[in-house]
>>> print(open('target-v3.txt').read())   # compact mmCIF, N, CA and C atoms
# COMPACT_ATOMS: atom_id res chain seq x y z
N MET A 284 -22.33 8.83 14.38
CA MET A 284 -22.78 9.74 13.34
C MET A 284 -21.90 10.99 13.39
N THR A 285 -21.62 11.55 12.23
CA THR A 285 -20.76 12.72 12.12
C THR A 285 -21.60 13.97 11.95
N ALA A 286 -21.20 15.02 12.65
CA ALA A 286 -21.92 16.29 12.53
C ALA A 286 -21.65 16.91 11.17
N ALA A 287 -22.62 17.66 10.65
CA ALA A 287 -22.47 18.33 9.36
C ALA A 287 -21.29 19.29 9.41
N GLY A 288 -20.51 19.32 8.34
CA GLY A 288 -19.38 20.23 8.25
C GLY A 288 -18.09 19.73 8.88
N VAL A 289 -18.12 18.55 9.52
CA VAL A 289 -16.93 17.99 10.13
C VAL A 289 -16.16 17.21 9.05
N PRO A 290 -14.85 17.47 8.88
CA PRO A 290 -14.08 16.76 7.87
C PRO A 290 -14.04 15.25 8.15
N VAL A 291 -14.23 14.48 7.11
CA VAL A 291 -14.23 13.02 7.21
C VAL A 291 -13.15 12.49 6.25
N PRO A 292 -12.25 11.64 6.73
CA PRO A 292 -11.22 11.11 5.84
C PRO A 292 -11.83 10.33 4.67
N VAL A 293 -11.28 10.55 3.51
CA VAL A 293 -11.67 9.79 2.33
C VAL A 293 -10.78 8.57 2.27
N ASP A 294 -11.31 7.42 1.92
CA ASP A 294 -10.48 6.23 1.71
C ASP A 294 -9.77 6.44 0.38
N VAL A 295 -8.51 6.85 0.43
CA VAL A 295 -7.77 7.22 -0.77
C VAL A 295 -7.61 6.02 -1.70
N VAL A 296 -7.42 4.83 -1.17
CA VAL A 296 -7.29 3.64 -2.02
C VAL A 296 -8.57 3.42 -2.81
N GLU A 297 -9.72 3.48 -2.16
CA GLU A 297 -10.99 3.30 -2.87
C GLU A 297 -11.23 4.42 -3.87
N LEU A 298 -10.83 5.63 -3.52
CA LEU A 298 -10.94 6.76 -4.44
C LEU A 298 -10.15 6.47 -5.72
N VAL A 299 -8.93 5.97 -5.58
CA VAL A 299 -8.08 5.66 -6.73
C VAL A 299 -8.66 4.48 -7.52
N VAL A 300 -9.14 3.45 -6.84
CA VAL A 300 -9.74 2.30 -7.54
C VAL A 300 -10.89 2.76 -8.42
N ARG A 301 -11.81 3.53 -7.87
CA ARG A 301 -12.96 4.01 -8.65
C ARG A 301 -12.51 4.88 -9.82
N LEU A 302 -11.54 5.76 -9.58
CA LEU A 302 -11.05 6.65 -10.62
C LEU A 302 -10.35 5.87 -11.74
N VAL A 303 -9.49 4.93 -11.39
CA VAL A 303 -8.78 4.13 -12.40
C VAL A 303 -9.77 3.30 -13.22
N ARG A 304 -10.76 2.74 -12.58
CA ARG A 304 -11.79 1.98 -13.32
C ARG A 304 -12.46 2.86 -14.36
N ARG A 305 -12.85 4.09 -13.95
CA ARG A 305 -13.50 5.01 -14.90
C ARG A 305 -12.56 5.43 -16.02
N LEU A 306 -11.32 5.74 -15.68
CA LEU A 306 -10.36 6.20 -16.68
C LEU A 306 -10.02 5.11 -17.69
N LEU A 307 -9.90 3.88 -17.23
CA LEU A 307 -9.57 2.78 -18.15
C LEU A 307 -10.76 2.34 -18.98
N ALA A 308 -11.96 2.58 -18.48
CA ALA A 308 -13.15 2.19 -19.23
C ALA A 308 -13.22 2.91 -20.57
N GLY A 309 -12.62 4.08 -20.66
CA GLY A 309 -12.64 4.85 -21.90
C GLY A 309 -11.48 4.54 -22.83
N ASN A 310 -10.65 3.56 -22.48
CA ASN A 310 -9.49 3.22 -23.29
C ASN A 310 -9.66 1.85 -23.93
N ALA A 311 -9.49 1.83 -25.24
CA ALA A 311 -9.53 0.55 -25.95
C ALA A 311 -8.09 0.11 -26.17
N GLY A 312 -7.91 -1.13 -26.43
CA GLY A 312 -6.57 -1.62 -26.71
C GLY A 312 -6.33 -2.95 -26.02
N GLU A 313 -5.39 -3.66 -26.56
CA GLU A 313 -5.09 -5.00 -26.06
C GLU A 313 -4.61 -5.00 -24.61
N ILE A 314 -3.79 -4.04 -24.22
CA ILE A 314 -3.25 -4.08 -22.86
C ILE A 314 -4.31 -3.78 -21.79
N VAL A 315 -5.39 -3.11 -22.18
CA VAL A 315 -6.45 -2.74 -21.23
C VAL A 315 -7.59 -3.75 -21.22
N ARG A 316 -7.78 -4.45 -22.32
CA ARG A 316 -8.92 -5.35 -22.47
C ARG A 316 -9.00 -6.39 -21.34
N GLY A 317 -10.12 -6.39 -20.65
CA GLY A 317 -10.37 -7.37 -19.60
C GLY A 317 -9.74 -7.06 -18.25
N VAL A 318 -9.14 -5.88 -18.10
CA VAL A 318 -8.45 -5.57 -16.85
C VAL A 318 -9.43 -5.49 -15.68
N GLN A 319 -8.99 -6.02 -14.55
CA GLN A 319 -9.73 -5.91 -13.29
C GLN A 319 -8.92 -5.02 -12.37
N VAL A 320 -9.58 -4.09 -11.69
CA VAL A 320 -8.92 -3.18 -10.75
C VAL A 320 -9.48 -3.48 -9.37
N ALA A 321 -8.60 -3.82 -8.42
CA ALA A 321 -9.07 -4.29 -7.12
C ALA A 321 -8.12 -3.87 -6.00
N THR A 322 -8.56 -4.13 -4.77
CA THR A 322 -7.73 -3.86 -3.60
C THR A 322 -7.14 -5.15 -3.02
N GLU A 323 -7.34 -6.25 -3.71
CA GLU A 323 -6.72 -7.52 -3.30
C GLU A 323 -6.36 -8.30 -4.55
N THR A 324 -5.47 -9.27 -4.39
CA THR A 324 -5.06 -10.04 -5.56
C THR A 324 -6.02 -11.16 -5.88
N GLY A 325 -6.92 -11.44 -4.98
CA GLY A 325 -7.84 -12.53 -5.23
C GLY A 325 -7.32 -13.83 -4.65
N ARG A 326 -7.85 -14.89 -5.11
CA ARG A 326 -7.49 -16.20 -4.57
C ARG A 326 -7.04 -17.15 -5.67
N GLY A 327 -6.26 -16.62 -6.58
CA GLY A 327 -5.74 -17.43 -7.68
C GLY A 327 -4.60 -18.33 -7.22
N HIS A 328 -3.98 -18.97 -8.17
CA HIS A 328 -2.87 -19.90 -7.92
C HIS A 328 -1.77 -19.21 -7.10
N ASN A 329 -1.34 -19.81 -5.99
CA ASN A 329 -0.31 -19.27 -5.11
C ASN A 329 -0.61 -17.86 -4.62
N GLY A 330 -1.88 -17.53 -4.46
CA GLY A 330 -2.26 -16.21 -3.97
C GLY A 330 -2.23 -15.13 -5.02
N GLY A 331 -2.01 -15.52 -6.26
CA GLY A 331 -1.97 -14.54 -7.34
C GLY A 331 -3.36 -14.19 -7.83
N PRO A 332 -3.43 -13.29 -8.79
CA PRO A 332 -4.73 -12.86 -9.31
C PRO A 332 -5.45 -13.98 -10.05
N PRO A 333 -6.78 -14.00 -9.98
CA PRO A 333 -7.55 -15.04 -10.65
C PRO A 333 -7.63 -14.89 -12.16
N SER A 334 -7.30 -13.69 -12.67
CA SER A 334 -7.34 -13.47 -14.12
C SER A 334 -6.31 -12.40 -14.48
N LEU A 335 -5.96 -12.36 -15.74
CA LEU A 335 -5.02 -11.36 -16.25
C LEU A 335 -5.72 -10.55 -17.32
N PRO A 336 -5.46 -9.26 -17.41
CA PRO A 336 -4.62 -8.43 -16.55
C PRO A 336 -5.33 -8.05 -15.25
N TRP A 337 -4.53 -7.78 -14.22
CA TRP A 337 -5.04 -7.48 -12.89
C TRP A 337 -4.26 -6.31 -12.33
N LEU A 338 -4.96 -5.29 -11.81
CA LEU A 338 -4.32 -4.16 -11.14
C LEU A 338 -4.67 -4.19 -9.66
N LEU A 339 -3.65 -4.20 -8.84
CA LEU A 339 -3.82 -4.16 -7.39
C LEU A 339 -3.46 -2.76 -6.92
N VAL A 340 -4.38 -2.11 -6.21
CA VAL A 340 -4.17 -0.76 -5.68
C VAL A 340 -4.03 -0.87 -4.16
N ALA A 341 -2.91 -0.35 -3.62
CA ALA A 341 -2.67 -0.42 -2.18
C ALA A 341 -1.97 0.84 -1.71
N ALA A 342 -2.11 1.16 -0.44
CA ALA A 342 -1.43 2.32 0.15
C ALA A 342 -0.18 1.85 0.86
N ASP A 343 0.95 2.48 0.53
CA ASP A 343 2.20 2.20 1.23
C ASP A 343 2.41 3.14 2.40
N ASP A 344 1.85 4.34 2.31
CA ASP A 344 2.05 5.37 3.32
C ASP A 344 0.85 6.31 3.26
N HIS A 345 0.53 6.93 4.38
CA HIS A 345 -0.62 7.83 4.41
C HIS A 345 -0.35 8.93 5.42
N ASP A 346 -0.70 10.16 5.06
CA ASP A 346 -0.50 11.30 5.94
C ASP A 346 -1.76 12.16 5.93
N TRP A 347 -2.05 12.77 7.04
CA TRP A 347 -3.25 13.57 7.19
C TRP A 347 -2.83 14.96 7.62
N ASP A 348 -3.18 15.96 6.82
CA ASP A 348 -2.90 17.36 7.13
C ASP A 348 -4.21 17.99 7.62
N TRP A 349 -4.43 17.91 8.92
CA TRP A 349 -5.70 18.33 9.49
C TRP A 349 -5.98 19.78 9.14
N PRO A 350 -7.20 20.15 8.78
CA PRO A 350 -8.39 19.31 8.78
C PRO A 350 -8.80 18.80 7.40
N VAL A 351 -8.11 19.17 6.33
CA VAL A 351 -8.75 18.88 5.05
C VAL A 351 -7.95 18.08 4.03
N ILE A 352 -6.65 17.94 4.15
CA ILE A 352 -5.86 17.34 3.08
C ILE A 352 -5.21 16.03 3.54
N GLN A 353 -5.28 15.03 2.68
CA GLN A 353 -4.59 13.76 2.89
C GLN A 353 -3.62 13.53 1.75
N THR A 354 -2.50 12.90 2.04
CA THR A 354 -1.61 12.44 0.99
C THR A 354 -1.33 10.97 1.26
N ALA A 355 -1.30 10.20 0.20
CA ALA A 355 -1.04 8.77 0.33
C ALA A 355 -0.13 8.31 -0.79
N SER A 356 0.85 7.49 -0.43
CA SER A 356 1.68 6.83 -1.44
C SER A 356 0.91 5.59 -1.89
N ILE A 357 0.49 5.61 -3.14
CA ILE A 357 -0.33 4.53 -3.67
C ILE A 357 0.52 3.70 -4.63
N ARG A 358 0.61 2.41 -4.32
CA ARG A 358 1.34 1.46 -5.19
C ARG A 358 0.32 0.73 -6.05
N ILE A 359 0.54 0.76 -7.35
CA ILE A 359 -0.34 0.05 -8.28
C ILE A 359 0.50 -1.02 -8.95
N THR A 360 0.14 -2.27 -8.71
CA THR A 360 0.85 -3.41 -9.27
C THR A 360 -0.02 -4.05 -10.34
N CYS A 361 0.59 -4.39 -11.46
CA CYS A 361 -0.12 -5.01 -12.58
C CYS A 361 0.47 -6.37 -12.90
N TRP A 362 -0.36 -7.39 -12.89
CA TRP A 362 0.01 -8.70 -13.43
C TRP A 362 -0.59 -8.75 -14.83
N HIS A 363 0.20 -9.20 -15.79
CA HIS A 363 -0.27 -9.22 -17.18
C HIS A 363 0.33 -10.43 -17.88
N ARG A 364 0.07 -10.54 -19.17
CA ARG A 364 0.56 -11.69 -19.94
C ARG A 364 2.05 -11.60 -20.26
N THR A 365 2.58 -10.37 -20.39
CA THR A 365 4.01 -10.16 -20.63
C THR A 365 4.49 -9.01 -19.75
N GLU A 366 5.80 -8.95 -19.50
CA GLU A 366 6.35 -7.84 -18.73
C GLU A 366 6.11 -6.52 -19.46
N HIS A 367 6.24 -6.54 -20.77
CA HIS A 367 6.03 -5.33 -21.56
C HIS A 367 4.60 -4.81 -21.39
N ALA A 368 3.62 -5.71 -21.46
CA ALA A 368 2.21 -5.31 -21.31
C ALA A 368 1.95 -4.79 -19.90
N ALA A 369 2.53 -5.44 -18.90
CA ALA A 369 2.35 -4.99 -17.51
C ALA A 369 2.93 -3.58 -17.33
N LYS A 370 4.11 -3.37 -17.88
CA LYS A 370 4.76 -2.07 -17.76
C LYS A 370 3.99 -0.99 -18.53
N ALA A 371 3.50 -1.35 -19.71
CA ALA A 371 2.73 -0.40 -20.51
C ALA A 371 1.43 -0.02 -19.81
N LEU A 372 0.77 -0.97 -19.17
CA LEU A 372 -0.50 -0.67 -18.50
C LEU A 372 -0.29 0.23 -17.28
N VAL A 373 0.73 -0.05 -16.46
CA VAL A 373 0.93 0.84 -15.30
C VAL A 373 1.42 2.22 -15.75
N ALA A 374 2.16 2.28 -16.85
CA ALA A 374 2.57 3.59 -17.39
C ALA A 374 1.34 4.38 -17.85
N LEU A 375 0.40 3.69 -18.49
CA LEU A 375 -0.84 4.34 -18.91
C LEU A 375 -1.61 4.86 -17.69
N VAL A 376 -1.73 4.03 -16.66
CA VAL A 376 -2.44 4.43 -15.44
C VAL A 376 -1.75 5.64 -14.80
N MET A 377 -0.42 5.61 -14.74
CA MET A 377 0.31 6.74 -14.17
C MET A 377 0.01 8.02 -14.95
N GLY A 378 0.06 7.93 -16.26
CA GLY A 378 -0.23 9.10 -17.09
C GLY A 378 -1.63 9.63 -16.89
N LEU A 379 -2.60 8.72 -16.84
CA LEU A 379 -3.99 9.12 -16.66
C LEU A 379 -4.22 9.79 -15.30
N LEU A 380 -3.61 9.22 -14.24
CA LEU A 380 -3.78 9.79 -12.91
C LEU A 380 -3.06 11.14 -12.77
N CYS A 381 -1.84 11.21 -13.26
CA CYS A 381 -1.04 12.42 -13.07
C CYS A 381 -1.51 13.58 -13.95
N ALA A 382 -2.17 13.28 -15.06
CA ALA A 382 -2.68 14.34 -15.93
C ALA A 382 -4.10 14.75 -15.55
N ARG A 383 -4.69 14.05 -14.62
CA ARG A 383 -6.08 14.29 -14.21
C ARG A 383 -6.22 15.63 -13.49
N ARG A 384 -7.24 16.38 -13.87
CA ARG A 384 -7.54 17.62 -13.16
C ARG A 384 -8.26 17.30 -11.85
N ALA A 385 -8.10 18.18 -10.89
CA ALA A 385 -8.76 18.01 -9.60
C ALA A 385 -10.27 17.98 -9.80
N SER A 386 -10.92 17.03 -9.13
CA SER A 386 -12.38 16.96 -9.14
C SER A 386 -12.84 16.17 -7.93
N GLY A 387 -13.84 16.67 -7.26
CA GLY A 387 -14.34 16.01 -6.07
C GLY A 387 -13.25 15.91 -5.00
N ALA A 388 -13.08 14.74 -4.42
CA ALA A 388 -12.07 14.54 -3.39
C ALA A 388 -10.67 14.44 -3.97
N PHE A 389 -10.55 14.02 -5.24
CA PHE A 389 -9.24 13.86 -5.87
C PHE A 389 -8.67 15.24 -6.21
N LEU A 390 -7.47 15.54 -5.69
CA LEU A 390 -6.82 16.81 -6.00
C LEU A 390 -5.70 16.64 -7.02
N ALA A 391 -4.82 15.66 -6.80
CA ALA A 391 -3.68 15.50 -7.70
C ALA A 391 -2.99 14.16 -7.46
N ALA A 392 -2.19 13.76 -8.45
CA ALA A 392 -1.30 12.61 -8.32
C ALA A 392 0.04 13.00 -8.92
N GLU A 393 1.11 12.60 -8.25
CA GLU A 393 2.46 12.85 -8.75
C GLU A 393 3.23 11.54 -8.72
N PRO A 394 4.02 11.27 -9.77
CA PRO A 394 4.77 10.01 -9.81
C PRO A 394 5.90 9.98 -8.78
N ASP A 395 6.07 8.84 -8.13
CA ASP A 395 7.20 8.61 -7.22
C ASP A 395 8.22 7.68 -7.87
N THR A 396 7.75 6.73 -8.66
CA THR A 396 8.65 5.81 -9.37
C THR A 396 8.20 5.69 -10.81
N ALA A 397 9.15 5.43 -11.67
CA ALA A 397 8.82 5.05 -13.04
C ALA A 397 8.30 3.62 -12.99
N PRO A 398 7.63 3.15 -14.03
CA PRO A 398 7.20 1.75 -14.04
C PRO A 398 8.40 0.80 -13.92
N ILE A 399 8.30 -0.13 -12.99
CA ILE A 399 9.35 -1.13 -12.76
C ILE A 399 8.75 -2.50 -13.02
N SER A 400 9.39 -3.29 -13.89
CA SER A 400 8.83 -4.59 -14.24
C SER A 400 9.66 -5.72 -13.64
N GLY A 401 9.06 -6.89 -13.61
CA GLY A 401 9.72 -8.07 -13.09
C GLY A 401 8.81 -9.28 -13.23
N VAL A 402 9.12 -10.30 -12.45
CA VAL A 402 8.33 -11.53 -12.45
C VAL A 402 7.93 -11.82 -11.01
N ASP A 403 6.66 -12.13 -10.80
CA ASP A 403 6.16 -12.46 -9.47
C ASP A 403 6.85 -13.74 -8.99
N PRO A 404 7.55 -13.71 -7.86
CA PRO A 404 8.26 -14.90 -7.40
C PRO A 404 7.34 -16.04 -6.97
N HIS A 405 6.08 -15.75 -6.67
CA HIS A 405 5.14 -16.77 -6.21
C HIS A 405 4.37 -17.42 -7.35
N THR A 406 4.03 -16.63 -8.36
CA THR A 406 3.19 -17.15 -9.44
C THR A 406 3.91 -17.25 -10.78
N SER A 407 5.10 -16.67 -10.86
CA SER A 407 5.89 -16.59 -12.11
C SER A 407 5.20 -15.76 -13.19
N ALA A 408 4.17 -15.00 -12.82
CA ALA A 408 3.48 -14.15 -13.78
C ALA A 408 4.27 -12.84 -13.96
N PRO A 409 4.32 -12.31 -15.18
CA PRO A 409 4.95 -11.01 -15.39
C PRO A 409 4.18 -9.92 -14.65
N LEU A 410 4.92 -8.98 -14.07
CA LEU A 410 4.26 -7.89 -13.37
C LEU A 410 5.08 -6.61 -13.52
N ALA A 411 4.46 -5.50 -13.15
CA ALA A 411 5.12 -4.20 -13.08
C ALA A 411 4.37 -3.38 -12.04
N PHE A 412 5.06 -2.39 -11.49
CA PHE A 412 4.38 -1.53 -10.53
C PHE A 412 4.86 -0.09 -10.66
N ILE A 413 4.04 0.80 -10.13
CA ILE A 413 4.36 2.22 -9.99
C ILE A 413 3.97 2.65 -8.59
N VAL A 414 4.51 3.77 -8.16
CA VAL A 414 4.07 4.41 -6.93
C VAL A 414 3.79 5.87 -7.27
N VAL A 415 2.60 6.33 -6.89
CA VAL A 415 2.23 7.74 -7.07
C VAL A 415 1.78 8.29 -5.73
N THR A 416 2.04 9.57 -5.52
CA THR A 416 1.52 10.24 -4.33
C THR A 416 0.22 10.92 -4.72
N VAL A 417 -0.85 10.52 -4.06
CA VAL A 417 -2.18 11.07 -4.33
C VAL A 417 -2.55 12.03 -3.21
N THR A 418 -3.00 13.20 -3.60
CA THR A 418 -3.49 14.20 -2.64
C THR A 418 -5.00 14.24 -2.77
N ALA A 419 -5.68 14.12 -1.63
CA ALA A 419 -7.15 14.09 -1.63
C ALA A 419 -7.68 15.05 -0.58
N ARG A 420 -8.85 15.54 -0.85
CA ARG A 420 -9.53 16.46 0.07
C ARG A 420 -10.50 15.64 0.93
N ALA A 421 -10.54 15.96 2.21
CA ALA A 421 -11.52 15.32 3.09
C ALA A 421 -12.90 15.82 2.70
N SER A 422 -13.87 14.97 2.84
CA SER A 422 -15.24 15.40 2.54
C SER A 422 -15.85 15.99 3.80
N THR A 423 -16.87 16.79 3.64
CA THR A 423 -17.62 17.27 4.81
C THR A 423 -19.05 16.79 4.62
N ARG A 424 -19.53 16.15 5.64
CA ARG A 424 -20.88 15.60 5.57
C ARG A 424 -21.78 16.35 6.50
>>> encode(input="target-v3.txt", output="structure tokens")
Amino acid sequence: MTAAGVPVPVDVVELVVRLVRRLLAGNAGEIVRGVQVATETGRGHNGGPPSLPWLLVAADDHDWDWPVIQTASIRITCWHRTEHAAKALVALVMGLLCARRASGAFLAAEPDTAPISGVDPHTSAPLAFIVVTVTARASTR
């Protein structure tokens, strides 16, 4: 059990997953329709996602500035029906995250890469990814 007022690390990946789900819920359009946001690809064909479009949120790097600030390099990969749709969806996510005002544990996001598209070598599905640096505040319980 943690004492009151002691900083507790926030799971930055889960913070981003919840935030992206909320932000995309307010967006209509073909590239967003039916999107799933997760921390794993699922158990689809050759380890790929079970449905399209699919956003995978993962941490590539994580740093802790004791006692209150964390920064994490968050990679968001999108599998979609076309490379263009995959790239457009991750570009939308990047814009939504980077334009977001600080609230709760989320402080800011800054882009590290522009959207990069390609084809998944295992599933042959079109994909694209971005990397953003997310700054989060530790919670105190």
>>> select_by_dssp(input="target-v3.txt", residues="chain A", states="alpha helix (DSSP H)", output="PyMOL selection string")
chain A and resi 295-308+366-381
>>> atom_distance(input="target-v3.txt", atom1="atom C of Trp362 in chain A", atom2="atom N of Asn310 in chain A")
17.6 Å
>>> atom_distance(input="target-v3.txt", atom1="CA of Asp343 in chain A", atom2="CA of Pro292 in chain A")
16.8 Å
>>> atom_distance(input="target-v3.txt", atom1="atom C of Ile359 in chain A", atom2="CA of Ile413 in chain A")
5.1 Å
>>> residues_around(input="target-v3.txt", residues="Arg316 in chain A", least_positions_apart="4", cutoff="8 Å", atoms="only N, CA and C atoms", output="ChimeraX atom specification")
/A:310-312,335-336
>>> write_last_selection(input="target-v3.txt", atoms="N, CA and C atoms", output="tab-separated table (two decimals), in the frame of the given file")
chain	number	residue	atom	x	y	z
A	310	ASN	N	-10.65	3.56	-22.48
A	310	ASN	CA	-9.49	3.22	-23.29
A	310	ASN	C	-9.66	1.85	-23.93
A	311	ALA	N	-9.49	1.83	-25.24
A	311	ALA	CA	-9.53	0.55	-25.95
A	311	ALA	C	-8.09	0.11	-26.17
A	312	GLY	N	-7.91	-1.13	-26.43
A	312	GLY	CA	-6.57	-1.62	-26.71
A	312	GLY	C	-6.33	-2.95	-26.02
A	335	LEU	N	-5.96	-12.36	-15.74
A	335	LEU	CA	-5.02	-11.36	-16.25
A	335	LEU	C	-5.72	-10.55	-17.32
A	336	PRO	N	-5.46	-9.26	-17.41
A	336	PRO	CA	-4.62	-8.43	-16.55
A	336	PRO	C	-5.33	-8.05	-15.25
>>> axis_aligned_box(input="target-v3.txt", around="range 401-410 of chain A", padding_each_side="8 Å", output="JSON")
{"center_x": 6.5, "center_y": -12.0, "center_z": -10.8, "size_x": 22.5, "size_y": 26.8, "size_z": 25.2}
>>> residues_around(input="target-v3.txt", residues="Gln319 in chain A", least_positions_apart="4", cutoff="8 Å", atoms="all atoms listed in the file", output="list of chain:residue names")
A:Arg304, A:Val315, A:Ser334, A:Leu335, A:Pro336, A:Trp337, A:Leu338, A:Leu339
>>> residues_around(input="target-v3.txt", residues="Ala391 in chain A", least_positions_apart="5", cutoff="8 Å", atoms="all atoms listed in the file", output="ChimeraX atom specification")
/A:380-386,415-420
>>> residues_around(input="target-v3.txt", residues="Pro409 in chain A", least_positions_apart="2", cutoff="7 Å", atoms="only C-alpha atoms", output="short mmCIF file (atom, residue, chain, number, x, y, z; two decimals) with N, CA and C atoms, keeping the file's coordinate frame")
data_model
loop_
_atom_site.label_atom_id
_atom_site.label_comp_id
_atom_site.auth_asym_id
_atom_site.auth_seq_id
_atom_site.Cartn_x
_atom_site.Cartn_y
_atom_site.Cartn_z
N TRP A 362 -0.36 -7.39 -12.89
CA TRP A 362 0.01 -8.70 -13.43
C TRP A 362 -0.59 -8.75 -14.83
N HIS A 363 0.20 -9.20 -15.79
CA HIS A 363 -0.27 -9.22 -17.18
C HIS A 363 0.33 -10.43 -17.88
N ARG A 364 0.07 -10.54 -19.17
CA ARG A 364 0.56 -11.69 -19.94
C ARG A 364 2.05 -11.60 -20.26
N THR A 365 2.58 -10.37 -20.39
CA THR A 365 4.01 -10.16 -20.63
C THR A 365 4.49 -9.01 -19.75
N GLU A 366 5.80 -8.95 -19.50
CA GLU A 366 6.35 -7.84 -18.73
C GLU A 366 6.11 -6.52 -19.46
N ALA A 369 2.53 -5.44 -18.90
CA ALA A 369 2.35 -4.99 -17.51
C ALA A 369 2.93 -3.58 -17.33
N GLY A 401 9.06 -6.89 -13.61
CA GLY A 401 9.72 -8.07 -13.09
C GLY A 401 8.81 -9.28 -13.23
N VAL A 402 9.12 -10.30 -12.45
CA VAL A 402 8.33 -11.53 -12.45
C VAL A 402 7.93 -11.82 -11.01
N ASP A 403 6.66 -12.13 -10.80
CA ASP A 403 6.16 -12.46 -9.47
C ASP A 403 6.85 -13.74 -8.99
N SER A 407 5.10 -16.67 -10.86
CA SER A 407 5.89 -16.59 -12.11
C SER A 407 5.20 -15.76 -13.19
#
>>> closest_residue(input="target-v3.txt", among="A:Ala342, A:Ile352, A:Cys361, A:Val303", to="Ser422 in chain A", atoms="only N, CA and C atoms")
A:Ile352
>>> select_by_dssp(input="target-v3.txt", residues="chain A", states="strand (DSSP E or B)", output="ChimeraX atom specification")
/A:290-291,319-321,337-348,352-362,386,389-394,399-402,409-420,422-423
>>> closest_residue(input="target-v3.txt", among="A:His405, A:Glu297, A:Met377, A:Leu302", to="Glu393 in chain A", atoms="only N, CA and C atoms")
A:Met377
>>> build_atoms(input="target-v3.txt", residues="range 306-317 of chain A", atoms="N, CA, C and O atoms", output="PDB file, in the coordinates of the input")
ATOM      1  N   LEU A 306     -11.320   5.740 -15.680  1.00  0.00           N
ATOM      2  CA  LEU A 306     -10.360   6.200 -16.680  1.00  0.00           C
ATOM      3  C   LEU A 306     -10.020   5.110 -17.690  1.00  0.00           C
ATOM      4  O   LEU A 306      -9.884   5.379 -18.889  1.00  0.00           O
ATOM      5  N   LEU A 307      -9.900   3.880 -17.230  1.00  0.00           N
ATOM      6  CA  LEU A 307      -9.570   2.780 -18.150  1.00  0.00           C
ATOM      7  C   LEU A 307     -10.760   2.340 -18.980  1.00  0.00           C
ATOM      8  O   LEU A 307     -10.576   1.791 -20.067  1.00  0.00           O
ATOM      9  N   ALA A 308     -11.960   2.580 -18.480  1.00  0.00           N
ATOM     10  CA  ALA A 308     -13.150   2.190 -19.230  1.00  0.00           C
ATOM     11  C   ALA A 308     -13.220   2.910 -20.570  1.00  0.00           C
ATOM     12  O   ALA A 308     -13.767   2.384 -21.538  1.00  0.00           O
ATOM     13  N   GLY A 309     -12.620   4.080 -20.660  1.00  0.00           N
ATOM     14  CA  GLY A 309     -12.640   4.850 -21.900  1.00  0.00           C
ATOM     15  C   GLY A 309     -11.480   4.540 -22.830  1.00  0.00           C
ATOM     16  O   GLY A 309     -11.314   5.204 -23.839  1.00  0.00           O
ATOM     17  N   ASN A 310     -10.650   3.560 -22.480  1.00  0.00           N
ATOM     18  CA  ASN A 310      -9.490   3.220 -23.290  1.00  0.00           C
ATOM     19  C   ASN A 310      -9.660   1.850 -23.930  1.00  0.00           C
ATOM     20  O   ASN A 310      -9.948   0.872 -23.256  1.00  0.00           O
ATOM     21  N   ALA A 311      -9.490   1.830 -25.240  1.00  0.00           N
ATOM     22  CA  ALA A 311      -9.530   0.550 -25.950  1.00  0.00           C
ATOM     23  C   ALA A 311      -8.090   0.110 -26.170  1.00  0.00           C
ATOM     24  O   ALA A 311      -7.166   0.896 -26.089  1.00  0.00           O
ATOM     25  N   GLY A 312      -7.910  -1.130 -26.430  1.00  0.00           N
ATOM     26  CA  GLY A 312      -6.570  -1.620 -26.710  1.00  0.00           C
ATOM     27  C   GLY A 312      -6.330  -2.950 -26.020  1.00  0.00           C
ATOM     28  O   GLY A 312      -6.980  -3.286 -25.034  1.00  0.00           O
ATOM     29  N   GLU A 313      -5.390  -3.660 -26.560  1.00  0.00           N
ATOM     30  CA  GLU A 313      -5.090  -5.000 -26.060  1.00  0.00           C
ATOM     31  C   GLU A 313      -4.610  -5.000 -24.610  1.00  0.00           C
ATOM     32  O   GLU A 313      -4.976  -5.891 -23.850  1.00  0.00           O
ATOM     33  N   ILE A 314      -3.790  -4.040 -24.220  1.00  0.00           N
ATOM     34  CA  ILE A 314      -3.250  -4.080 -22.860  1.00  0.00           C
ATOM     35  C   ILE A 314      -4.310  -3.780 -21.790  1.00  0.00           C
ATOM     36  O   ILE A 314      -4.173  -4.178 -20.657  1.00  0.00           O
ATOM     37  N   VAL A 315      -5.390  -3.110 -22.180  1.00  0.00           N
ATOM     38  CA  VAL A 315      -6.450  -2.740 -21.230  1.00  0.00           C
ATOM     39  C   VAL A 315      -7.590  -3.750 -21.220  1.00  0.00           C
ATOM     40  O   VAL A 315      -8.260  -3.937 -20.209  1.00  0.00           O
ATOM     41  N   ARG A 316      -7.780  -4.450 -22.320  1.00  0.00           N
ATOM     42  CA  ARG A 316      -8.920  -5.350 -22.470  1.00  0.00           C
ATOM     43  C   ARG A 316      -9.000  -6.390 -21.340  1.00  0.00           C
ATOM     44  O   ARG A 316      -8.047  -7.097 -21.082  1.00  0.00           O
ATOM     45  N   GLY A 317     -10.120  -6.390 -20.650  1.00  0.00           N
ATOM     46  CA  GLY A 317     -10.370  -7.370 -19.600  1.00  0.00           C
ATOM     47  C   GLY A 317      -9.740  -7.060 -18.250  1.00  0.00           C
ATOM     48  O   GLY A 317      -9.809  -7.875 -17.336  1.00  0.00           O
TER      49      GLY A 317
END
